[in-house]
Amino acid sequence: MNKYDIVIIGGGPAGLAAAISAKKNGIDRVLILERDKELGGILNQCIHNGFGLHTFQEELTGPEYAERFISQVKELDIDYKLNTMVMEIDREKKVTAMNREDGLFDVQAKAVILAMGCRERARGALNIPGFRPAGIYSAGTAQRLVNMEGYMPGREVVILGSGDIGLIMARRMTLEGAKVKVAAELMPYSGGLKRNIVQCLDDYGIPLKLSHTVIDIKGKERVEGVTLAEVDGKGKPIPGTEEFYSCDTLLLSVGLIPENEISGNMGVEMNPVTSGPKVNESFETNIKGVFACGNVLHVHDLVDFVSQEAAAAGKNAAAYVKKEHTEDGAGREISLIPAEGVRYTVPSTVNAARMDEKLTVRFRVGNVYKNCYVSVYFGEERVIHRKRQVMAPGEMEEVNLSRAQILQYPNLENITVKVEEDETNGSKESDLH
Amino acid sequence: MYDIIIIGAGVSGAGIARELSRYQAKICVIEKEEDVCCGTSKANSAIVHAGYDAAPGSLKAKLNVRGNQMMENLSKELDFAFQRNGSLVICRDEEELPALQTLYERGLTNKVSGLCIWNREEALAMEPNLTDDVCAALYAPTAGIVCPFELNIALAENAYMNGVEFKFDTTVKEIKKREEGYELHTDKGVFRAKYVVNAAGVYADEMHNMVSERKIHITPRRGDYCLLDKSAGSHVKRTIFALPGRLGKGILVTPTVHGNLLIGPTAMDVEDKEGVNTTREGLEQVLDKAGLNVKNLPMRQVITSFAGLRAHEDGDDFIIEEVEDAKGFIDCAGIESPGIASCPAIGEMVAQMIRDKMGLQEKKDFIPTRKGILKPDTLSREERNALIQKNPAYGSIVCRCEMITEGEIMDAIRRPLGAKSLDGIKRRTRAGMGRCQSGFCSPRVMEILAGERKISTFDVTKCGGESQIVVGNNKDIL
């Protein structure tokens, strides 16, 4: 059987950054298993720019951003297999995969890094009623058809959901000659980045209808139109607000779900809020030596943060292989608790004995907050109280914890991250959720 | 001139074609859609009912029990998925116990074997996720579940192997009685046959009424369903029915043969014979009512919803007979539930009827078996690797949710009566039927389909007709 120190599942942005980091941290035997025909993952179809502002202080396209990492993988002589599907991983980190040349084969790893990314929520998850004709695509599928294959999925488009891929596709479809009539969003706020609303909808005069959803799809063979309606505070359509839009295409950009079927089957414990694994400060799951990073862990807005997180996971996996980690039992496992407006945190636990001097804790809020504070409590004591002008579910937030500070609290059990309103003028934009 | 033309390639038409293909006769199946299994047969509960439900003495009762008995052997002969998982009818109200008892006794009259009534404790012990309100349950061990697509496709493929012709995309517009037999005027020309079998599903009344003065009437009765992810598939082991009450049969909860969980259907009479659109009210009803008999249903796991039309005839029974004022025209109409369970028996009954009338002779070379699409995940690792070595397409996963390989998709396209559309591939292989609902695999499946069928990508459709997936090249109208 093939043996590797670290096997990385997925050759997208997370897998590439993790592999490079592991190699640079002294691990020689690193293998990337990628199911697609090339490295780079979903970046390959993201031909718009705006990638890499944080990492390279440049605006790159998706393929350009990926190429910077792919070339490093090649320079560092990291092994990878393309067109290779991982079928399962057992608790002893035996990875079973399949491709055309090798058939079904096993690779024994000392450490595994999960970097499978995410998939798009489909129509069924929303129970959108109506017919089931051709012309209904998730935004990412349409993006692949247009950007990779050069095909137009349709001419007249309605978009449901305001996730970033949907917004990006509103602009792309317009540039390729389609008429994008409207984008509808169930929630009273957008699910995507503010910059994408401006650059992809506003700049092209495409209206965004908040608190609206699709209540019917017409057309038996190909989509002929959809009916939108306004929804009340509970997401129920309000009678009398129905509006019919004739179109041949409905794009769905209604959320992303981490792809954790392999992780779940091997016994990795999940966080029901993120649908990703629960990890500690080292991005390690409940199974020792199994790490997770990128969109398989929690869905990100910006690839730069995926790369950062994955580099940390790669470094920690390298430390695990080299047995550099402090003995089990050293230090305290401190729980990170999301509360009052904070939906989740990554990581879920932190141990000062293993952490670096600084740890970035990422999280999302469950609503739009204006002039509020992000607060961090060590036990009962507030140690961080940081003013934020606007926070929204579509934009990932972060706070930094310091090792030195945590060590000052020897009996600390819980660290709570919450949103606090300004005593005078803070406000929550709506009560929906 | 054909000896026999069968209108409709659903489970009834295909079942009849397969049974008739035992005999020396020139047979043709005419189907208005691009594939088999495109109407009522593709969107239903896929239950092989035990047979306690239908009125004693009815054709439904007789053919259901007979079909149920035949299904297991048929599934082996024709290589389709069938599981005898058993069913439970749940009684939640002490006052309705007599109704449960009545159902039990009707089952005995219909000669359903193995029926028994479980008390609350027995029921909960066997199905821990039943509602806490359960007070008793009728257990029918002979009930089963089947893959309706595979069943229908297997029957049709076997009929085809035995010489039956199939004409797709062919709509019957007019039927004329002639000196000998009938003349069928279609959008693809005129077909003549000595005998005509009307297995036209929700359109069977229109076909019948073209040749008979004794009119029949079929109401499309729509049922909405939700399908849940495989992670929810073991929530119940058996098919869980509500006690048929004033509000009808109610919403069932059942595992599928592929390991998903299916809930539904509603019952809504509609005008449109193509009206398979789900509605908000229908889907809400499914989600609300399913929870009455089964608790803790993971509704967040819904991966798709769909609706099907039952072909409900006013007389509330199957109509399988030679039309009195149209000799040589055999109705197979009003085939609603338990139609899936009954289809093997319907095929047998109609074939024998026609054999006797026409004096057909059995073929010497009838092939009773058919092999389905090879499923690599049923092989040992050694067998699988040998297969990949011989044909590397079996090493390439196209549908990552259902883990379907390129080899299976190519088989689905190349085999007799092969797939011509994305839906055809989906129903044959399950590619695109998983949790991402074809988001990832559809561009790849389109490419394979275009390559195999030597057609342009612009002619690849979801389900035939005008259901093209892509409409042009980037910027082509700028």
# chains A, B, ... in the order shown; residues from 1 in each chain; ligands from 1
>>> interface_residues(of="chain B", to="chain A", cutoff="6 Å", atoms="only C-alpha atoms", output="count of residues only")
25
>>> closest_atom_pairs(of="range 8-122 of chain A", to="range 315-318 of chain A", cutoff="7 Å", atoms="only C-alpha atoms", output="JSON lines")
{"residue": "A:Ser21", "atom": "CA", "partner": "A:Lys315", "partner_atom": "CA", "distance": 5.6}
{"residue": "A:Ala22", "atom": "CA", "partner": "A:Lys315", "partner_atom": "CA", "distance": 5.2}
{"residue": "A:Asn25", "atom": "CA", "partner": "A:Lys315", "partner_atom": "CA", "distance": 6.0}
{"residue": "A:Ile27", "atom": "CA", "partner": "A:Ala318", "partner_atom": "CA", "distance": 6.1}
{"residue": "A:Ala111", "atom": "CA", "partner": "A:Ala317", "partner_atom": "CA", "distance": 6.3}
>>> select_by_dssp(residues="range 233-341 of chain B", states="strand (DSSP E or B)", output="JSON, numbers by chain")
{"B": [239, 240, 241, 242, 245, 248, 252, 253, 254, 255, 261, 262, 263, 264, 268, 269, 278, 294, 302, 303, 304, 305, 306, 307, 308, 309, 310, 311, 312, 313, 319, 320, 321, 322, 329, 330, 331, 332, 333]}
>>> residues_around(residues="Thr457 in chain B", least_positions_apart="5", cutoff="7 Å", atoms="only C-alpha atoms", output="list in words")
Met446, Glu447 and Ala450 of chain B
>>> residues_around(residues="Ala339 in chain A", least_positions_apart="6", cutoff="7 Å", atoms="only C-alpha atoms", output="list in words")
Thr416, Val417 and Lys418 of chain A
>>> write_last_selection(atoms="all heavy atoms", output="PDB file, in the first residue's frame")
ATOM      1  N   THR A 416     -16.707  33.347  25.417  1.00  0.00           N
ATOM      2  CA  THR A 416     -17.958  33.629  24.721  1.00  0.00           C
ATOM      3  C   THR A 416     -17.752  34.790  23.758  1.00  0.00           C
ATOM      4  O   THR A 416     -17.135  35.795  24.121  1.00  0.00           O
ATOM      5  CB  THR A 416     -19.067  33.993  25.736  1.00  0.00           C
ATOM      6  OG1 THR A 416     -19.124  32.954  26.722  1.00  0.00           O
ATOM      7  CG2 THR A 416     -20.412  34.114  25.064  1.00  0.00           C
ATOM      8  N   VAL A 417     -18.258  34.598  22.522  1.00  0.00           N
ATOM      9  CA  VAL A 417     -18.206  35.670  21.530  1.00  0.00           C
ATOM     10  C   VAL A 417     -19.634  36.115  21.279  1.00  0.00           C
ATOM     11  O   VAL A 417     -20.503  35.280  20.990  1.00  0.00           O
ATOM     12  CB  VAL A 417     -17.560  35.191  20.215  1.00  0.00           C
ATOM     13  CG1 VAL A 417     -17.436  36.354  19.235  1.00  0.00           C
ATOM     14  CG2 VAL A 417     -16.200  34.570  20.478  1.00  0.00           C
ATOM     15  N   LYS A 418     -19.911  37.398  21.431  1.00  0.00           N
ATOM     16  CA  LYS A 418     -21.283  37.858  21.236  1.00  0.00           C
ATOM     17  C   LYS A 418     -21.326  39.240  20.613  1.00  0.00           C
ATOM     18  O   LYS A 418     -20.318  39.958  20.570  1.00  0.00           O
ATOM     19  CB  LYS A 418     -22.048  37.822  22.549  1.00  0.00           C
ATOM     20  CG  LYS A 418     -21.488  38.701  23.653  1.00  0.00           C
ATOM     21  CD  LYS A 418     -22.433  38.760  24.848  1.00  0.00           C
ATOM     22  CE  LYS A 418     -22.177  37.635  25.844  1.00  0.00           C
ATOM     23  NZ  LYS A 418     -22.807  37.892  27.158  1.00  0.00           N
TER      24      LYS A 418
END
>>> residues_around(residues="Val376 in chain A", least_positions_apart="2", cutoff="8 Å", atoms="only C-alpha atoms", output="list in words")
Val374, Phe378, Arg382, Val383, Ile384, His385, Ile415, Thr416, Val417 and Lys418 of chain A
>>> select_by_dssp(residues="range 149-338 of chain A", states="alpha helix (DSSP H)", output="PyMOL selection string")
chain A and resi 164-175+194-196+261-266+303-321
>>> residues_around(residues="range 355-372 of chain B", least_positions_apart="4", cutoff="8 Å", atoms="only C-alpha atoms", output="MDAnalysis selection string")
chainID B and resid 20:25 77:80 154 157:158 161:162 351
>>> write_last_selection(atoms="N, CA, C and O atoms", output="PDB file, in the first residue's frame")
ATOM      1  N   LEU B  20     -46.820 -10.090 -23.715  1.00  0.00           N
ATOM      2  CA  LEU B  20     -47.229 -10.461 -25.084  1.00  0.00           C
ATOM      3  C   LEU B  20     -46.041 -10.924 -25.924  1.00  0.00           C
ATOM      4  O   LEU B  20     -46.207 -11.668 -26.887  1.00  0.00           O
ATOM      5  N   SER B  21     -44.832 -10.461 -25.534  1.00  0.00           N
ATOM      6  CA  SER B  21     -43.658 -10.813 -26.348  1.00  0.00           C
ATOM      7  C   SER B  21     -43.288 -12.285 -26.198  1.00  0.00           C
ATOM      8  O   SER B  21     -42.386 -12.777 -26.857  1.00  0.00           O
ATOM      9  N   ARG B  22     -44.007 -12.996 -25.325  1.00  0.00           N
ATOM     10  CA  ARG B  22     -43.839 -14.456 -25.237  1.00  0.00           C
ATOM     11  C   ARG B  22     -44.409 -15.155 -26.474  1.00  0.00           C
ATOM     12  O   ARG B  22     -44.119 -16.315 -26.732  1.00  0.00           O
ATOM     13  N   TYR B  23     -45.281 -14.430 -27.207  1.00  0.00           N
ATOM     14  CA  TYR B  23     -46.036 -15.079 -28.280  1.00  0.00           C
ATOM     15  C   TYR B  23     -45.568 -14.599 -29.650  1.00  0.00           C
ATOM     16  O   TYR B  23     -44.979 -13.532 -29.776  1.00  0.00           O
ATOM     17  N   GLN B  24     -45.885 -15.430 -30.648  1.00  0.00           N
ATOM     18  CA  GLN B  24     -45.535 -15.059 -32.017  1.00  0.00           C
ATOM     19  C   GLN B  24     -46.535 -14.021 -32.514  1.00  0.00           C
ATOM     20  O   GLN B  24     -47.656 -14.363 -32.876  1.00  0.00           O
ATOM     21  N   ALA B  25     -46.120 -12.776 -32.487  1.00  0.00           N
ATOM     22  CA  ALA B  25     -47.005 -11.701 -32.945  1.00  0.00           C
ATOM     23  C   ALA B  25     -46.152 -10.484 -33.257  1.00  0.00           C
ATOM     24  O   ALA B  25     -45.057 -10.320 -32.705  1.00  0.00           O
ATOM     25  N   GLU B  77     -35.807 -12.077 -12.496  1.00  0.00           N
ATOM     26  CA  GLU B  77     -35.705 -12.301 -13.949  1.00  0.00           C
ATOM     27  C   GLU B  77     -35.205 -11.058 -14.676  1.00  0.00           C
ATOM     28  O   GLU B  77     -34.400 -11.143 -15.591  1.00  0.00           O
ATOM     29  N   LEU B  78     -35.728  -9.897 -14.249  1.00  0.00           N
ATOM     30  CA  LEU B  78     -35.451  -8.679 -15.016  1.00  0.00           C
ATOM     31  C   LEU B  78     -34.459  -7.745 -14.319  1.00  0.00           C
ATOM     32  O   LEU B  78     -34.201  -6.646 -14.801  1.00  0.00           O
ATOM     33  N   ASP B  79     -33.932  -8.161 -13.172  1.00  0.00           N
ATOM     34  CA  ASP B  79     -32.828  -7.446 -12.536  1.00  0.00           C
ATOM     35  C   ASP B  79     -33.184  -5.989 -12.200  1.00  0.00           C
ATOM     36  O   ASP B  79     -32.549  -5.058 -12.666  1.00  0.00           O
ATOM     37  N   PHE B  80     -34.250  -5.809 -11.412  1.00  0.00           N
ATOM     38  CA  PHE B  80     -34.549  -4.471 -10.888  1.00  0.00           C
ATOM     39  C   PHE B  80     -34.680  -4.551  -9.372  1.00  0.00           C
ATOM     40  O   PHE B  80     -34.894  -5.624  -8.809  1.00  0.00           O
ATOM     41  N   ALA B 154     -37.009  -2.092 -17.256  1.00  0.00           N
ATOM     42  CA  ALA B 154     -36.694  -3.520 -17.398  1.00  0.00           C
ATOM     43  C   ALA B 154     -37.768  -4.230 -18.219  1.00  0.00           C
ATOM     44  O   ALA B 154     -37.448  -5.034 -19.115  1.00  0.00           O
ATOM     45  N   GLU B 157     -37.319  -3.035 -21.884  1.00  0.00           N
ATOM     46  CA  GLU B 157     -36.106  -3.594 -22.516  1.00  0.00           C
ATOM     47  C   GLU B 157     -36.297  -5.074 -22.854  1.00  0.00           C
ATOM     48  O   GLU B 157     -35.885  -5.553 -23.911  1.00  0.00           O
ATOM     49  N   ASN B 158     -36.928  -5.789 -21.923  1.00  0.00           N
ATOM     50  CA  ASN B 158     -37.128  -7.220 -22.160  1.00  0.00           C
ATOM     51  C   ASN B 158     -38.109  -7.445 -23.321  1.00  0.00           C
ATOM     52  O   ASN B 158     -37.904  -8.333 -24.159  1.00  0.00           O
ATOM     53  N   MET B 161     -36.130  -6.790 -26.421  1.00  0.00           N
ATOM     54  CA  MET B 161     -35.245  -7.925 -26.727  1.00  0.00           C
ATOM     55  C   MET B 161     -36.016  -9.053 -27.394  1.00  0.00           C
ATOM     56  O   MET B 161     -35.472  -9.820 -28.190  1.00  0.00           O
ATOM     57  N   ASN B 162     -37.294  -9.142 -27.054  1.00  0.00           N
ATOM     58  CA  ASN B 162     -38.129 -10.208 -27.606  1.00  0.00           C
ATOM     59  C   ASN B 162     -38.938  -9.745 -28.815  1.00  0.00           C
ATOM     60  O   ASN B 162     -39.977 -10.323 -29.129  1.00  0.00           O
ATOM     61  N   ALA B 351     -52.279 -10.158 -21.646  1.00  0.00           N
ATOM     62  CA  ALA B 351     -51.623 -11.021 -22.623  1.00  0.00           C
ATOM     63  C   ALA B 351     -52.433 -12.311 -22.832  1.00  0.00           C
ATOM     64  O   ALA B 351     -52.611 -12.768 -23.970  1.00  0.00           O
TER      65      ALA B 351
END
>>> closest_residue(among="A:Arg332, A:Arg343, A:Lys181, A:His298", to="Pro258 in chain A", atoms="only C-alpha atoms")
A:His298
>>> residues_around(residues="range 32-39 of chain B", least_positions_apart="5", cutoff="10 Å", atoms="only C-alpha atoms", output="PyMOL selection string")
chain B and resi 7-14+44+148-153+155-157+166-172+186-187+200-202+273-274+276+308-311+417-421+423-424+427+463-465
>>> atom_distance(atom1="CA of Phe82 in chain B", atom2="CA of Met349 in chain B")
21.8 Å
